[in-house]
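S.K.: Take this structure, written in C-alpha cells, and hold onto it; I'll ask about it next.
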Amino acid sequence: MILEFYKYQGTGNDFVMIDNRSLFFPKQNTELIEKLCDRRFGVGADGLILLENDTDTDFKMVYYNSDGNESSMCGNGGRCLVAFAKQLRVIENETTFMATDGLHHATVAPDGLVSLQMIDVTEIKFTSEYVFLNTGSPHHVQIVEDLKNYNIKEQGAAIRYGGLYGKAGSNVNFVSKINEDTFAVRTYERGVEDETLACGTGVTAVAIAMHATGVTTSNKICLNVEGGQLEVSFEKLENQYTDVFLKGPAQFVFKGQIQI
C-alpha cells in the first residue's frame, strides 16, 4: 500500500500528517506508526497526526507519539494540524476542532502564525523545587541554572522515570528567565524519550507556572525554545487560568508517498 503523507513543523517540533477522513489508516498498528516517525527508516517526526471527520466540529485530531502510542494533547501538533486543514481546504482562517482533551478554537493569521486555544488550568501543584500542572498533557516545570549546558536527556529521563509520576511519567521542562516576559525553555518529552526542539503544551505550562509562582506578572509571555519562539497568553480569574492561547509558526515542509 502506498501512503500519502504531509510533513509539518512548528518551531522544530515536526509531525507526519495524514488525511484520514476516509478512515483507511490502520490506527492500531503501533509498529507502523513508530516506523513512519523513525528518522532513519521512515519519514522522521516527533509524532504522527491523523485528521478525521467530526460530527460537531470542523475535524478531529488523533495524535500519536513517535513510539507509536496514542497520546495526550500536543500543542504544536494542534497548530500544525490547523495549518494542514487549511491546506486541505477543510477550513479557511478560523476553526474549532476536537482533540483528546476536548474542544479547541484556532485562527490562522495572514502571516501564517497559528493561535490555538488551550484548555483552562485549574489545578497546579507547587513545591520548593518544581511546579506540576496539566495543559492537555502533564508537565513538570523546573528552573535551572546554565540551561544551555544542562543535560536535558539525562536529567529529564531521571524525573520522567523517577518515583514522582509513576508508570505514566510526565513531560519535563527546564526553564531559565531572560527578562520579565521572556523565558528560555528546553523540554524532555515522554513518548519521544528525548529532548525535542519545542513543546507546545510544555511552554504553555511554563508560562502559567512562572506566573503562578510570581516569577513574572505578565500574562503574555515569550518562550524561546531550541527551534524558535512561541508566545503564550492567558487570563487569570481567581484560581483559574483561562483564555489560554499558544501562538507560533506552523509550516508545511513537504508532501510525499511511502510504501507501507
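Within each chain, counting starts at residue 1; across the C-alpha cells, chains are named A, B, ... in the order shown, with ligands numbered 1 upward in that order.
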Identify all residues of range 106-201 of chain A in alpha helix (DSSP H) (DSSP on the backbone) and supply them as a list in words.

M.R.: Ile152, Lys153, Glu154, Gln155, Gly156, Ala157, Ala158, Ile159, Arg160, Gly200 and Thr201 of chain A

S.K.: Show me, as a PDB file with C-alpha atoms, in the first residue's frame, the residues that have an atom within 6 Å of range 118-130 of chain A when counting only C-alpha atoms, minus same-chain residues fewer than 5 positions from it.

M.R.:
```pdb
ATOM      1  CA  VAL A 141       8.400  22.683  35.311  1.00  0.00           C
ATOM      2  CA  GLN A 142      11.731  23.394  36.971  1.00  0.00           C
ATOM      3  CA  GLN A 240      -8.194  29.532  37.267  1.00  0.00           C
ATOM      4  CA  TYR A 241      -6.168  30.259  34.149  1.00  0.00           C
ATOM      5  CA  THR A 242      -8.500  30.761  31.204  1.00  0.00           C
ATOM      6  CA  VAL A 244      -5.058  30.343  27.271  1.00  0.00           C
ATOM      7  CA  PHE A 245      -3.589  30.724  23.764  1.00  0.00           C
TER       8      PHE A 245
END
```

S.K.: Write out as a PyMOL selection string the residues lying within 8 Å of range 165-181 of chain A, counting only C-alpha atoms and excluding same-chain residues fewer than 6 positions away.

M.R.: chain A and resi 137-147+152+156+159+187-190+202+206+215-218+220-222

S.K.: Taking only C-alpha atoms into account, name the residue in A:Leu223, A:Ile260, A:Val62, A:Leu103 that is nearest to Cys199 in chain A.

M.R.: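 Among A:Leu223, A:Ile260, A:Val62, A:Leu103, it is A:Leu223 that comes nearest to Cys199 in chain A.
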
S.K.: Have a look at A:Glu31, A:Glu154, A:Glu52, A:Asp19 and name the one nearest to Gln87 in chain A; count only C-alpha atoms.

M.R.: A:Asp19
